[in-house]
Each structure stands twice: as C-alpha cells, then as structure tokens.
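Student: For reference, the file upload.csv (CSV, C-alpha atoms) is included below:
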```csv
chain,number,residue,atom,x,y,z
E,28,MET,CA,24.4,14.2,264.8
E,29,ALA,CA,21.8,16.7,263.7
E,30,GLY,CA,22.1,15.6,260.0
E,31,HIS,CA,21.7,12.0,261.1
E,32,ARG,CA,18.6,13.0,263.1
E,33,TYR,CA,17.1,14.8,260.1
E,34,LYS,CA,17.7,11.8,257.9
E,35,GLU,CA,15.9,9.6,260.4
E,36,ARG,CA,13.0,12.0,260.4
E,37,ASP,CA,12.7,11.4,256.6
E,38,THR,CA,11.7,7.8,257.5
E,39,LEU,CA,8.6,9.2,259.2
E,40,ARG,CA,9.4,7.2,262.4
E,41,ASP,CA,10.5,8.5,265.8
E,42,PRO,CA,14.2,7.7,266.1
E,43,ASP,CA,13.9,6.9,269.8
E,44,THR,CA,10.7,4.9,269.9
E,45,GLY,CA,10.5,3.7,266.3
E,46,GLU,CA,6.8,4.6,266.1
E,47,TRP,CA,5.1,6.5,263.2
E,48,ASP,CA,5.4,10.3,263.6
E,49,LYS,CA,1.7,11.3,263.1
E,50,LYS,CA,2.5,15.0,262.9
E,51,GLU,CA,5.0,14.4,260.1
E,52,LEU,CA,2.6,12.1,258.4
E,53,ARG,CA,-0.1,14.8,258.3
E,54,HIS,CA,2.4,17.3,257.0
E,55,ARG,CA,3.6,15.0,254.2
E,56,ALA,CA,0.0,14.1,253.3
E,57,LYS,CA,-0.9,17.7,252.9
E,58,SER,CA,2.1,18.2,250.6
E,59,TRP,CA,1.2,15.1,248.5
E,60,ALA,CA,-2.4,16.3,248.2
E,61,ALA,CA,-1.3,19.7,247.0
E,62,VAL,CA,0.9,18.1,244.4
E,63,ALA,CA,-1.9,15.7,243.3
E,64,LEU,CA,-4.3,18.6,243.0
E,65,ALA,CA,-1.8,20.6,241.0
E,66,PHE,CA,-1.2,17.7,238.7
E,67,SER,CA,-5.0,17.1,238.3
E,68,VAL,CA,-5.5,20.7,237.4
E,69,PHE,CA,-2.7,20.5,234.9
E,70,LEU,CA,-4.0,17.3,233.4
E,71,VAL,CA,-7.6,18.6,233.1
E,72,GLY,CA,-6.3,21.8,231.6
E,73,GLY,CA,-4.1,19.9,229.1
E,74,ILE,CA,-7.1,17.7,228.0
E,75,PHE,CA,-9.2,20.8,227.7
E,76,LEU,CA,-6.6,22.6,225.6
E,77,ALA,CA,-6.0,19.5,223.4
E,78,THR,CA,-9.8,19.1,222.9
E,79,LYS,CA,-10.1,22.8,222.0
E,80,ALA,CA,-7.1,22.5,219.6
E,81,ILE,CA,-8.6,19.5,217.9
E,82,GLY,CA,-11.9,21.3,217.6
E,83,VAL,CA,-10.3,24.4,216.2
E,84,TRP,CA,-8.4,22.2,213.6
E,85,GLN,CA,-11.5,20.3,212.7
E,86,ASP,CA,-13.5,23.5,212.4
E,87,PHE,CA,-10.7,25.0,210.2
E,88,ARG,CA,-10.6,21.9,208.1
E,89,SER,CA,-14.4,21.6,207.8
E,90,LYS,CA,-14.6,25.0,206.3
E,91,GLY,CA,-13.1,23.6,203.0
E,92,ASP,CA,-13.6,19.9,203.4
E,93,TYR,CA,-16.0,17.2,204.5
E,94,ALA,CA,-15.2,14.4,207.0
E,95,GLY,CA,-16.6,10.9,207.1
E,96,SER,CA,-17.7,8.3,204.6
E,97,GLY,CA,-20.4,10.3,202.8
E,98,VAL,CA,-24.2,10.6,202.9
E,99,ALA,CA,-25.6,9.2,199.6
E,100,ASP,CA,-24.6,7.6,196.3
E,101,VAL,CA,-24.3,10.0,193.3
E,102,THR,CA,-23.3,9.6,189.7
E,103,VAL,CA,-21.0,12.3,188.3
E,104,ASP,CA,-19.9,13.0,184.7
E,105,ILE,CA,-16.4,14.2,184.1
E,106,PRO,CA,-16.0,15.7,180.6
E,107,SER,CA,-13.0,15.2,178.4
E,108,GLY,CA,-10.3,17.7,178.8
E,109,ALA,CA,-11.5,18.9,182.2
E,110,SER,CA,-8.7,20.5,184.4
E,111,VAL,CA,-8.3,19.4,188.0
E,112,LEU,CA,-10.0,22.6,189.2
E,113,LYS,CA,-12.8,22.0,186.7
E,114,ILE,CA,-13.3,18.5,188.1
E,115,GLY,CA,-13.3,20.0,191.6
E,116,SER,CA,-16.0,22.4,190.5
E,117,ILE,CA,-18.1,19.6,189.1
E,118,LEU,CA,-17.7,17.6,192.3
E,119,GLU,CA,-18.6,20.7,194.4
E,120,SER,CA,-21.7,21.3,192.3
E,121,ALA,CA,-22.7,17.6,193.0
E,122,ASP,CA,-22.0,18.1,196.7
E,123,VAL,CA,-19.3,15.4,196.6
E,124,VAL,CA,-16.7,17.8,197.9
E,125,LYS,CA,-17.2,20.9,199.9
E,126,ASP,CA,-14.8,23.2,198.0
E,127,ALA,CA,-13.3,22.8,194.5
E,128,LYS,CA,-10.0,24.4,195.6
E,129,THR,CA,-9.7,21.8,198.4
E,130,PHE,CA,-9.9,19.1,195.8
E,131,GLN,CA,-7.3,20.8,193.7
E,132,GLN,CA,-5.0,21.0,196.7
E,133,ALA,CA,-5.6,17.3,197.5
E,134,ALA,CA,-4.7,16.5,193.9
E,135,SER,CA,-1.6,18.7,194.0
E,136,MET,CA,-0.3,16.6,196.9
E,137,ARG,CA,-0.4,13.5,194.6
E,138,PRO,CA,0.6,14.8,191.2
E,139,ASP,CA,1.5,11.4,189.7
E,140,GLU,CA,-1.9,10.0,190.5
E,141,ALA,CA,-3.8,13.2,189.6
E,142,GLN,CA,-2.4,12.9,186.0
E,143,LYS,CA,-4.3,9.6,185.7
E,144,LEU,CA,-7.7,11.3,186.1
E,145,GLN,CA,-9.9,10.5,183.1
E,146,ALA,CA,-13.2,11.6,181.6
E,147,GLY,CA,-16.1,9.3,182.3
E,148,ARG,CA,-19.1,8.7,184.5
E,149,TYR,CA,-18.4,7.7,188.1
E,150,LYS,CA,-20.3,6.5,191.1
E,151,LEU,CA,-19.3,8.6,194.0
E,152,ARG,CA,-20.7,9.6,197.4
E,153,THR,CA,-21.9,13.0,198.5
E,154,GLN,CA,-20.1,15.0,201.3
E,155,ILE,CA,-16.8,13.1,201.4
E,156,PRO,CA,-13.3,14.4,202.0
E,157,ALA,CA,-11.5,15.7,198.9
E,158,ALA,CA,-8.8,13.0,199.2
E,159,THR,CA,-11.5,10.3,199.3
E,160,ALA,CA,-13.1,11.8,196.2
E,161,LEU,CA,-9.7,11.6,194.4
E,162,ASP,CA,-9.3,8.0,195.5
E,163,MET,CA,-12.7,7.1,194.1
E,164,LEU,CA,-12.1,8.8,190.7
E,165,LEU,CA,-8.9,6.8,190.4
E,166,ASP,CA,-10.7,3.5,191.2
E,167,PRO,CA,-11.7,1.6,188.0
E,168,SER,CA,-14.5,-0.1,189.8
E,169,ARG,CA,-16.2,3.3,190.3
E,170,SER,CA,-16.4,4.0,186.6
E,171,VAL,CA,-19.9,3.7,185.2
E,172,LYS,CA,-20.2,2.6,181.5
E,173,ILE,CA,-23.6,2.9,179.8
E,174,MET,CA,-23.7,0.8,176.7
E,175,MET,CA,-25.9,0.9,173.6
E,176,GLN,CA,-26.3,-1.8,171.1
E,177,VAL,CA,-27.0,-1.3,167.4
E,178,ARG,CA,-28.1,-4.6,165.8
E,179,GLU,CA,-27.3,-5.8,162.3
E,180,GLY,CA,-30.2,-6.0,159.9
E,181,GLN,CA,-32.3,-3.4,161.6
E,182,ARG,CA,-33.7,-0.4,159.9
E,183,MET,CA,-32.7,3.0,161.2
E,184,SER,CA,-35.9,3.6,163.2
E,185,GLN,CA,-35.3,0.4,165.2
E,186,GLU,CA,-31.6,1.4,165.7
E,187,LEU,CA,-32.6,4.8,167.0
E,188,ALA,CA,-35.1,3.3,169.4
E,189,SER,CA,-32.4,1.2,170.9
E,190,MET,CA,-30.0,4.1,171.1
E,191,ALA,CA,-32.7,6.3,172.7
E,192,LYS,CA,-33.4,3.7,175.4
E,193,ALA,CA,-29.7,3.5,176.3
E,194,SER,CA,-28.7,7.1,176.1
E,195,GLY,CA,-31.8,8.8,177.5
E,196,ILE,CA,-32.0,11.0,174.4
E,197,SER,CA,-35.5,10.7,172.8
E,198,GLN,CA,-35.8,8.9,169.5
E,199,ASP,CA,-37.5,12.0,168.0
E,200,ASP,CA,-34.4,14.1,169.0
E,201,LEU,CA,-32.1,11.6,167.4
E,202,ALA,CA,-34.1,11.5,164.2
E,203,SER,CA,-34.4,15.3,164.2
E,204,VAL,CA,-30.6,15.7,164.2
E,205,ILE,CA,-30.3,13.4,161.2
E,206,ASP,CA,-33.1,15.2,159.3
E,207,ARG,CA,-31.7,18.7,159.8
E,208,SER,CA,-28.0,17.9,159.4
E,209,SER,CA,-26.2,17.6,156.1
E,210,ALA,CA,-24.3,14.4,155.2
E,211,ALA,CA,-21.0,16.2,155.9
E,212,GLU,CA,-22.3,17.4,159.3
E,213,LEU,CA,-23.2,13.9,160.3
E,214,GLY,CA,-19.8,12.6,159.2
E,215,LEU,CA,-21.1,10.5,156.4
E,216,PRO,CA,-18.6,9.6,153.7
E,217,ASN,CA,-18.4,11.9,150.7
E,218,TRP,CA,-19.8,9.2,148.4
E,219,ALA,CA,-23.0,9.1,150.4
E,220,GLN,CA,-25.5,10.9,148.1
E,221,PRO,CA,-28.9,9.5,149.0
E,222,PRO,CA,-31.8,10.7,146.8
E,223,LEU,CA,-34.6,12.6,148.2
E,224,ASN,CA,-36.8,9.5,148.7
E,225,ALA,CA,-34.1,7.7,150.7
E,226,THR,CA,-33.4,8.1,154.4
E,227,LYS,CA,-30.2,10.0,154.9
E,228,ALA,CA,-28.3,7.9,157.4
E,229,GLU,CA,-30.0,4.5,156.7
E,230,GLY,CA,-27.3,1.9,156.4
E,231,PHE,CA,-24.6,4.1,158.1
E,232,LEU,CA,-25.4,3.4,161.8
E,233,PHE,CA,-22.9,0.5,162.0
E,234,PRO,CA,-24.1,-2.5,164.1
E,235,ASP,CA,-22.0,-2.9,167.2
E,236,THR,CA,-22.0,-2.3,171.0
E,237,TYR,CA,-20.9,1.2,172.0
E,238,GLN,CA,-20.4,3.2,175.1
E,239,VAL,CA,-22.7,6.1,175.4
E,240,PRO,CA,-20.8,9.4,175.4
E,241,ASN,CA,-20.4,11.4,178.6
E,242,ASN,CA,-23.0,14.1,178.8
E,243,PRO,CA,-24.7,12.7,175.7
E,244,THR,CA,-26.5,14.9,173.1
E,245,ALA,CA,-28.5,13.7,170.2
E,246,GLU,CA,-25.7,14.7,167.8
E,247,SER,CA,-22.9,13.0,169.8
E,248,VAL,CA,-24.9,9.7,170.2
E,249,VAL,CA,-25.8,9.6,166.4
E,250,LYS,CA,-22.2,10.2,165.4
E,251,VAL,CA,-20.8,7.2,167.4
E,252,PRO,CA,-22.1,4.4,165.0
E,253,ILE,CA,-21.5,6.6,162.0
E,254,ALA,CA,-17.8,7.0,163.0
E,255,GLN,CA,-17.5,3.2,163.4
E,256,PHE,CA,-19.0,2.7,159.9
E,257,ASN,CA,-16.3,5.0,158.5
E,258,GLN,CA,-13.6,3.1,160.3
E,259,VAL,CA,-14.8,-0.3,159.0
E,260,ALA,CA,-15.3,1.1,155.5
E,261,SER,CA,-11.8,2.5,155.5
E,262,SER,CA,-10.3,-0.8,156.7
E,263,LEU,CA,-12.1,-2.5,153.8
E,264,ASP,CA,-11.1,0.2,151.3
E,265,PHE,CA,-14.8,0.2,150.5
E,266,ALA,CA,-15.1,3.2,148.2
E,267,ASN,CA,-12.3,2.0,145.9
E,268,LYS,CA,-13.2,-1.7,145.9
E,269,ALA,CA,-16.8,-0.8,145.1
E,270,LYS,CA,-15.6,0.5,141.7
E,271,ALA,CA,-14.6,-3.0,140.8
E,272,THR,CA,-18.0,-4.5,141.4
E,273,PRO,CA,-20.7,-4.8,138.7
E,274,VAL,CA,-22.5,-1.7,140.0
E,275,LYS,CA,-19.2,0.3,140.3
E,276,ASP,CA,-20.6,2.7,143.0
E,277,PRO,CA,-20.1,2.5,146.7
E,278,TRP,CA,-23.6,3.8,147.4
E,279,LYS,CA,-25.1,1.0,145.4
E,280,VAL,CA,-22.8,-1.6,146.9
E,281,LEU,CA,-24.0,-0.4,150.4
E,282,ILE,CA,-27.6,-1.0,149.2
E,283,VAL,CA,-26.6,-4.5,148.1
E,284,ALA,CA,-25.0,-5.2,151.5
E,285,SER,CA,-28.1,-4.0,153.3
E,286,ILE,CA,-30.2,-6.4,151.3
E,287,ILE,CA,-27.8,-9.3,152.0
E,288,GLU,CA,-28.0,-8.6,155.7
E,289,ARG,CA,-31.8,-9.0,155.6
E,290,GLU,CA,-32.0,-12.0,153.3
E,291,VAL,CA,-29.6,-14.5,154.8
E,292,TYR,CA,-27.6,-15.0,158.0
E,293,ARG,CA,-25.1,-17.8,157.2
E,294,ASP,CA,-21.7,-16.4,156.2
E,295,GLU,CA,-21.3,-18.8,153.3
E,296,ASP,CA,-24.5,-17.6,151.7
E,297,ARG,CA,-23.8,-13.9,151.8
E,298,PRO,CA,-21.4,-13.8,148.8
E,299,LYS,CA,-23.8,-16.0,146.8
E,300,VAL,CA,-26.7,-13.6,147.4
E,301,ALA,CA,-24.5,-10.8,146.2
E,302,ARG,CA,-23.9,-12.7,143.0
E,303,VAL,CA,-27.6,-13.3,142.5
E,304,LEU,CA,-28.3,-9.6,142.8
E,305,TYR,CA,-25.6,-8.6,140.4
E,306,ASN,CA,-26.6,-11.3,137.9
E,307,ARG,CA,-30.2,-10.2,137.9
E,308,LEU,CA,-29.2,-6.5,137.6
E,309,ASN,CA,-26.9,-7.4,134.6
E,310,LYS,CA,-29.7,-9.3,132.9
E,311,GLY,CA,-32.2,-6.6,133.4
E,312,MET,CA,-34.3,-8.8,135.7
E,313,ARG,CA,-36.3,-7.2,138.5
E,314,LEU,CA,-34.9,-8.2,141.9
E,315,GLN,CA,-38.3,-9.2,143.4
E,316,LEU,CA,-37.1,-9.1,147.0
E,317,ASP,CA,-39.6,-9.4,149.9
E,318,SER,CA,-37.0,-7.7,152.1
E,319,THR,CA,-37.3,-4.5,150.2
E,320,VAL,CA,-41.1,-4.7,150.1
E,321,ALA,CA,-41.2,-5.2,153.9
E,322,TYR,CA,-39.1,-2.0,154.2
E,323,ALA,CA,-41.5,-0.2,151.9
E,324,VAL,CA,-44.6,-1.2,153.9
E,325,ASN,CA,-42.8,-0.7,157.3
E,326,LYS,CA,-42.7,-4.3,158.4
E,327,THR,CA,-39.9,-4.7,160.9
E,328,ASN,CA,-40.0,-8.2,162.3
E,329,THR,CA,-40.4,-10.2,159.2
E,330,ILE,CA,-39.5,-10.2,155.5
E,331,TRP,CA,-42.6,-12.2,154.6
E,332,THR,CA,-45.0,-10.2,152.5
E,333,THR,CA,-48.5,-10.5,151.1
E,334,PRO,CA,-49.8,-10.0,147.6
E,335,GLU,CA,-51.2,-6.7,148.8
E,336,ASP,CA,-47.8,-5.6,150.2
E,337,ARG,CA,-46.3,-6.3,146.8
E,338,GLN,CA,-48.7,-3.9,145.2
E,339,SER,CA,-47.1,-1.0,147.1
E,340,ARG,CA,-46.1,2.0,144.9
E,341,SER,CA,-43.0,2.7,147.0
E,342,LYS,CA,-39.8,2.9,145.0
E,343,TYR,CA,-38.5,0.2,147.4
E,344,ASN,CA,-40.9,-2.3,145.9
E,345,THR,CA,-38.5,-4.3,143.7
E,346,TYR,CA,-41.4,-6.4,142.4
E,347,ARG,CA,-42.8,-3.2,140.8
E,348,TYR,CA,-39.7,-1.3,139.8
E,349,ASP,CA,-36.4,-2.2,138.0
E,350,GLY,CA,-33.0,-2.0,139.6
E,351,LEU,CA,-31.9,-1.4,143.2
E,352,PRO,CA,-34.1,0.4,145.7
E,353,PRO,CA,-33.3,4.1,146.3
E,354,GLY,CA,-31.3,3.4,149.4
E,355,PRO,CA,-30.2,0.9,152.0
E,356,ILE,CA,-32.9,-1.1,153.8
E,357,SER,CA,-31.0,-2.1,156.9
E,358,ALA,CA,-27.6,-1.7,158.8
E,359,PRO,CA,-25.2,-4.2,157.2
E,360,ALA,CA,-22.5,-5.6,159.4
E,361,GLN,CA,-18.9,-6.2,158.1
E,362,LYS,CA,-19.6,-9.7,156.7
E,363,ALA,CA,-22.4,-8.3,154.5
E,364,LEU,CA,-20.2,-5.4,153.3
E,365,GLU,CA,-17.4,-7.8,152.4
E,366,ALA,CA,-19.8,-10.0,150.6
E,367,ALA,CA,-21.1,-7.1,148.5
E,368,LEU,CA,-17.6,-6.2,147.6
E,369,ASN,CA,-16.6,-9.8,146.8
E,370,PRO,CA,-19.5,-11.8,145.3
E,371,ALA,CA,-19.0,-15.5,144.9
E,372,PRO,CA,-18.5,-16.8,141.3
E,373,GLY,CA,-21.7,-18.4,139.9
E,374,ASP,CA,-24.5,-18.1,137.4
E,375,TRP,CA,-27.4,-18.1,140.0
E,376,THR,CA,-30.3,-15.8,139.4
E,377,TYR,CA,-32.6,-17.1,142.2
E,378,PHE,CA,-32.3,-18.0,145.8
E,379,VAL,CA,-34.8,-19.1,148.5
E,380,PRO,CA,-34.4,-20.4,152.0
E,381,ILE,CA,-35.6,-24.0,152.5
E,382,ASN,CA,-35.1,-24.3,156.2
E,383,LEU,CA,-35.6,-21.3,158.4
E,384,ASP,CA,-34.0,-23.0,161.5
E,385,THR,CA,-30.7,-23.8,159.9
E,386,GLY,CA,-30.7,-21.0,157.3
E,387,GLU,CA,-30.1,-23.5,154.5
E,388,THR,CA,-30.7,-21.7,151.2
E,389,ALA,CA,-31.1,-23.0,147.7
E,390,PHE,CA,-29.3,-21.1,144.8
E,391,THR,CA,-30.5,-21.9,141.3
E,392,ASN,CA,-30.3,-20.4,137.8
E,393,SER,CA,-33.7,-21.4,136.4
E,394,LYS,CA,-37.3,-20.5,137.3
E,395,ALA,CA,-38.2,-24.2,137.4
E,396,GLU,CA,-35.4,-25.0,139.9
E,397,HIS,CA,-36.4,-22.0,142.0
E,398,ASP,CA,-40.1,-23.1,142.1
E,399,ALA,CA,-39.0,-26.6,143.2
E,400,ALA,CA,-36.9,-25.0,146.0
E,401,ALA,CA,-39.8,-22.8,147.0
E,402,ALA,CA,-42.0,-25.9,147.3
E,403,LYS,CA,-39.5,-27.3,149.8
E,404,LEU,CA,-39.8,-24.1,151.8
E,405,GLN,CA,-43.6,-24.4,151.8
E,406,ALA,CA,-43.4,-28.0,152.9
E,407,TRP,CA,-41.0,-27.0,155.7
E,408,CYS,CA,-43.4,-24.3,156.8
E,409,LYS,CA,-46.4,-26.8,157.0
E,410,ALA,CA,-44.4,-29.4,158.9
E,411,SER,CA,-45.2,-28.1,162.4
E,412,PRO,CA,-47.2,-25.4,164.1
E,413,ALA,CA,-43.8,-23.9,165.3
E,414,ASN,CA,-42.7,-23.7,161.7
E,415,GLN,CA,-45.9,-22.1,160.6
E,416,LYS,CA,-45.3,-19.3,163.0
E,417,LYS,CA,-41.9,-18.7,161.5
E,418,CYS,CA,-43.4,-18.5,158.0
E,419,ALA,CA,-46.1,-16.0,158.9
```
Render the structure in this file as structure tokens.
Tutor:
Amino acid sequence: MAGHRYKERDTLRDPDTGEWDKKELRHRAKSWAAVALAFSVFLVGGIFLATKAIGVWQDFRSKGDYAGSGVADVTVDIPSGASVLKIGSILESADVVKDAKTFQQAASMRPDEAQKLQAGRYKLRTQIPAATALDMLLDPSRSVKIMMQVREGQRMSQELASMAKASGISQDDLASVIDRSSAAELGLPNWAQPPLNATKAEGFLFPDTYQVPNNPTAESVVKVPIAQFNQVASSLDFANKAKATPVKDPWKVLIVASIIEREVYRDEDRPKVARVLYNRLNKGMRLQLDSTVAYAVNKTNTIWTTPEDRQSRSKYNTYRYDGLPPGPISAPAQKALEAALNPAPGDWTYFVPINLDTGETAFTNSKAEHDAAAAKLQAWCKASPANQKKCA
C-alpha cells in the first residue's frame, strides 16, 4: 500500500480528500525553478561561447581576408604570364584583397577555374574576399577593353594623335619612339628603307581598330598597328608581288597605295588610279597630285591646294619634281594595297573627281578630255553653297 500511496502523491493531490497538496506544489515548483535556472545559465553560456567562437573565427579569417561586398570600384591590369601569386600581389597592392597568399589559396581550391585566369584590364572592387575577387576575374563582363582606332588615309601625325587619346601615352612620346628606333626595332619589314627626308613609319600604321595593350608603353602602342600591317602584307604576298608591278619595288608600291587612299574612296576607282600613276611614271610625266602637295604643306583635312601651295619646294611636291614622292603620304588600307599591286588595264593618264558626294571620277587619256572633266567638277562645286564648302 505504501507504493500505491507514493504514486498517488505524484499526482500532487491528497489521496483522501482529493485536494491539491500545497506543500508538495511548493516543493515541485522550487525544483522546476532550479532546473529552469540551470537551463537558462547553460543556454546563455552556450550563446556566449558560440558568439565568441564566431568572433574568433572571423578575427582569424579577417587577418588574411576581407568580408563584405567591397568599398569602391577600381580598375586593375593583369599582365600576360602573371602567376596566381603575382596576380594576388597585384590585387593586394590595389587593396582588392587583403593578402596575396589568401588569394592564392582561394585559387588553389578551384584549380580548373584558376587556369582560366587571363591577362587584361578588369573592373573590380576594393576590400573584397579573395574568393569574390577570383569570381570577378573570371567574369567576362568585368573585363575592360580600351580601343584605339587608326583611320585610313590619315598621315602619321593624325594617327598618333588618335592613338595617344586612346592609350593615355602622349603623342610626343609615341613620335619619339619612332624617331629614335631603327626600322628593325619598330618591326618594319626589311624592305622598308625610307630616305632621310621621309618619315620612318609613315604608311606602316595600318588602319584598323585595336585594343590598347595592358600597361601600355609608347613602344607597345606603336607596334600594334605595325604588326597588323605586317600581317596584312604577308597575306597579300606584298613584297614579292610588288616586283611584278611597273615600279618593281615594295617601298614604291606602298607610296602608290598611300596616294590611292587619299585620292579616291570608291573601290572600283582604286585600281584605275594605280594605272594612271604607273602610266604617267612610264611616260616620264610628272604626277601633279594635289594630295602630295597637301602633305608637303601639312594640310590634313583636304587635298585641295592653292597655286601658292604648289610652289612648295618640298620633295613631296609632285608638281615641281619628277617621279614618286620620297615616302608614303597616308596609311593605306588593304583595298588600296591590293589596287597598287593589281592596277586595272587601261591607257588613262588623267583622273579627276566630278562629284564629291558620290565619288564619281572621270579617267581620261588626253589633256583636252581631262580639262572637260575638270570643268564638270567646277560646275558641281558652284552648284550650291554646300558644294562650295566641299571644294574649298
């Protein structure tokens, strides 16, 4: 019966009266309170320890790495051939990552992706985790490409001005590299033998749109369009095919191409101009080209010249001197190079544009026919004020 009595006591009611046993209630309440207090102490202690552990981990981690999404945008150049550790050092110097070795460790955890890291210019963020920096370097949208355009028909000084604006290298520095470097140092073809009164790299800065090299220098920027010229010339077999032209010399053929580029812009007219030039040279006629006179007197936006211009004593004045000018007068594009190598068949010795809007050009083989075509040009020029501006 005693065991039964104890079990009834567990119900917290008096077995005889059925009423709540207040003494037992108080006893049990104290026990529960003690348990609750102990649990609270344990819970608070656990939270405290967890917070401390997280803090210790974050403090340990922050010693070699940043956390968060970064502070500010920054552009970083990664050079060709840089190792992962070298890239990390560049990022550390730019305050992108906190420690170069941490970046190396992040990359080592993702070797397949790390192998895809490439040289280039990237838009990143300062003070970001190494893993985030790796993600950004692998993101094509983060790559920054600075382009420079070299236009056909421009003289070298104009090309260098455009290249300077795009690259951030001064025009004087670009010109200085050309002046002090040999043809071989610039990468010019071995047949490029400009005389002393010709600009060394004129005609060799091939017109195209290029990406500015990473960490650009005057030398690296200048060599980009020269390398492209060599590639195009090689594809055309320029040096060998030049030997089959009437002038039989790649240097002279380049001069012819540079004149073609300045004189006409319709593709169908380029080989005809080449033929006119070769015919006049074969006949011993002076070329009498306004484009070469404009080069001589440093006119850059027009090939129209005045009687005074044509009195220039520059060797580029083909009204005064026989034969081709000493060197190229512009940067010829591929179509002009092809035309100089492959002149159209014909007996023309004169050409003149008769409509500057369409580019229509008259090719003739007599002075009388040429004068009649020139009169058409003058009539076109006088037809409207807009035309008059184009003929000025």
Student: CA of Pro412 (chain E) and CA of Ser357 (chain E) are how many Å apart?
Tutor: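 CA of Ser357 (chain E) lies 29.3 Å from CA of Pro412 (chain E).
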Student: Residues at most 7 Å from region 214-218 of chain E, counting all atoms listed in the file, excluding those fewer than 5 positions away in the same chain, as a ChimeraX atom specification?
Tutor: /E:253,277-278
Student: Could you tell me which of E:Ile282, E:Ala399, E:Ala188, E:Ala210 comes closest to Pro353 (chain E) if we count all atoms listed in the file?
Tutor: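 Answer, going by the shortest atom-to-atom distance: E:Ile282.
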Student: Contacts between region 163-177 of chain E and region 305-402 of chain E, please, where a residue of region 305-402 of chain E counts if it comes within 12 Å (with all atoms listed in the file); show its shortest atom pair and distance in Å to one decimal, rows by chain and ascending number, as a tab-separated table.
Tutor:
```
residue	atom	partner	partner_atom	distance
E:Ser357	CA	E:Val177	CA	11.3
E:Ala358	CA	E:Val177	CA	8.6
E:Pro359	CA	E:Val177	CA	10.8
E:Ala360	CA	E:Val177	CA	10.1
```
Student: For Ser184 (chain E), please output as an mmCIF file with C-alpha atoms, keeping the file's coordinate frame all residues within 10 Å (counting all atoms listed in the file; exclusion window: fewer than 6 positions along the same chain).
Tutor:
```
data_model
loop_
_atom_site.group_PDB
_atom_site.id
_atom_site.type_symbol
_atom_site.label_atom_id
_atom_site.label_comp_id
_atom_site.auth_asym_id
_atom_site.auth_seq_id
_atom_site.Cartn_x
_atom_site.Cartn_y
_atom_site.Cartn_z
ATOM 1 C CA MET E 190 -30.000 4.100 171.100
ATOM 2 C CA GLN E 198 -35.800 8.900 169.500
ATOM 3 C CA ASP E 199 -37.500 12.000 168.000
ATOM 4 C CA LEU E 201 -32.100 11.600 167.400
ATOM 5 C CA ALA E 202 -34.100 11.500 164.200
ATOM 6 C CA GLU E 229 -30.000 4.500 156.700
ATOM 7 C CA THR E 327 -39.900 -4.700 160.900
ATOM 8 C CA SER E 357 -31.000 -2.100 156.900
#
```
Student: Identify, on the basis of only C-alpha atoms, every residue whose closest approach to Ser110 (chain E) does not exceed 12 Å; exclude the query and any residue fewer than 5 positions from it along the same chain; express the result as a ChimeraX atom specification.
Tutor: /E:105,115-117,127-128,130-131,134,141-146
Student: Ranking E:Pro138, E:Pro106, E:Gly386, E:Thr153 by minimum distance to Glu119 (chain E) and counting all atoms listed in the file, which one comes first?
Tutor: E:Thr153
Student: My list of candidates is E:Ser261, E:Asn242, E:Thr226, E:Gln220. Which is closest to Arg148 (chain E) when distances are computed with all atoms listed in the file?
Tutor: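 Of all the options, E:Asn242 lies closest to Arg148 (chain E).
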Student: Looking at E:Cys418, E:Leu187, E:Val251, E:Leu118, which one is nearest to Gln238 (chain E), with distances taken over all atoms listed in the file?
Tutor: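 Using all atoms listed in the file, Gln238 (chain E) sits closest to E:Val251.
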Student: Take CA of Ser107 (chain E) and CA of Glu186 (chain E) and report the distance between them in Å, one decimal.
Tutor: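 These two atoms are separated by 26.4 Å.
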Student: By how many Å are CA of Ala363 (chain E) and CA of Arg297 (chain E) apart?
Tutor: 6.4 Å
Student: Pick out the closest residue to Phe390 (chain E) from this set: E:Gln405, E:Thr376, E:Gln361, E:Asn344. Count only C-alpha atoms.
Tutor: E:Thr376
Student: Hey, which of E:Gly230, E:Ser96, E:His397, E:Pro222 ends up closest to Lys342 (chain E)? Count only C-alpha atoms.
Tutor: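 Looking at the shortest contact to Lys342 (chain E), the residue is E:Pro222.
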Student: Can you pull out every residue within 12 Å of Asp126 (chain E), counting only C-alpha atoms, but drop anything in the same chain fewer than 5 positions away, and send it as a count of residues only?
Tutor: 25
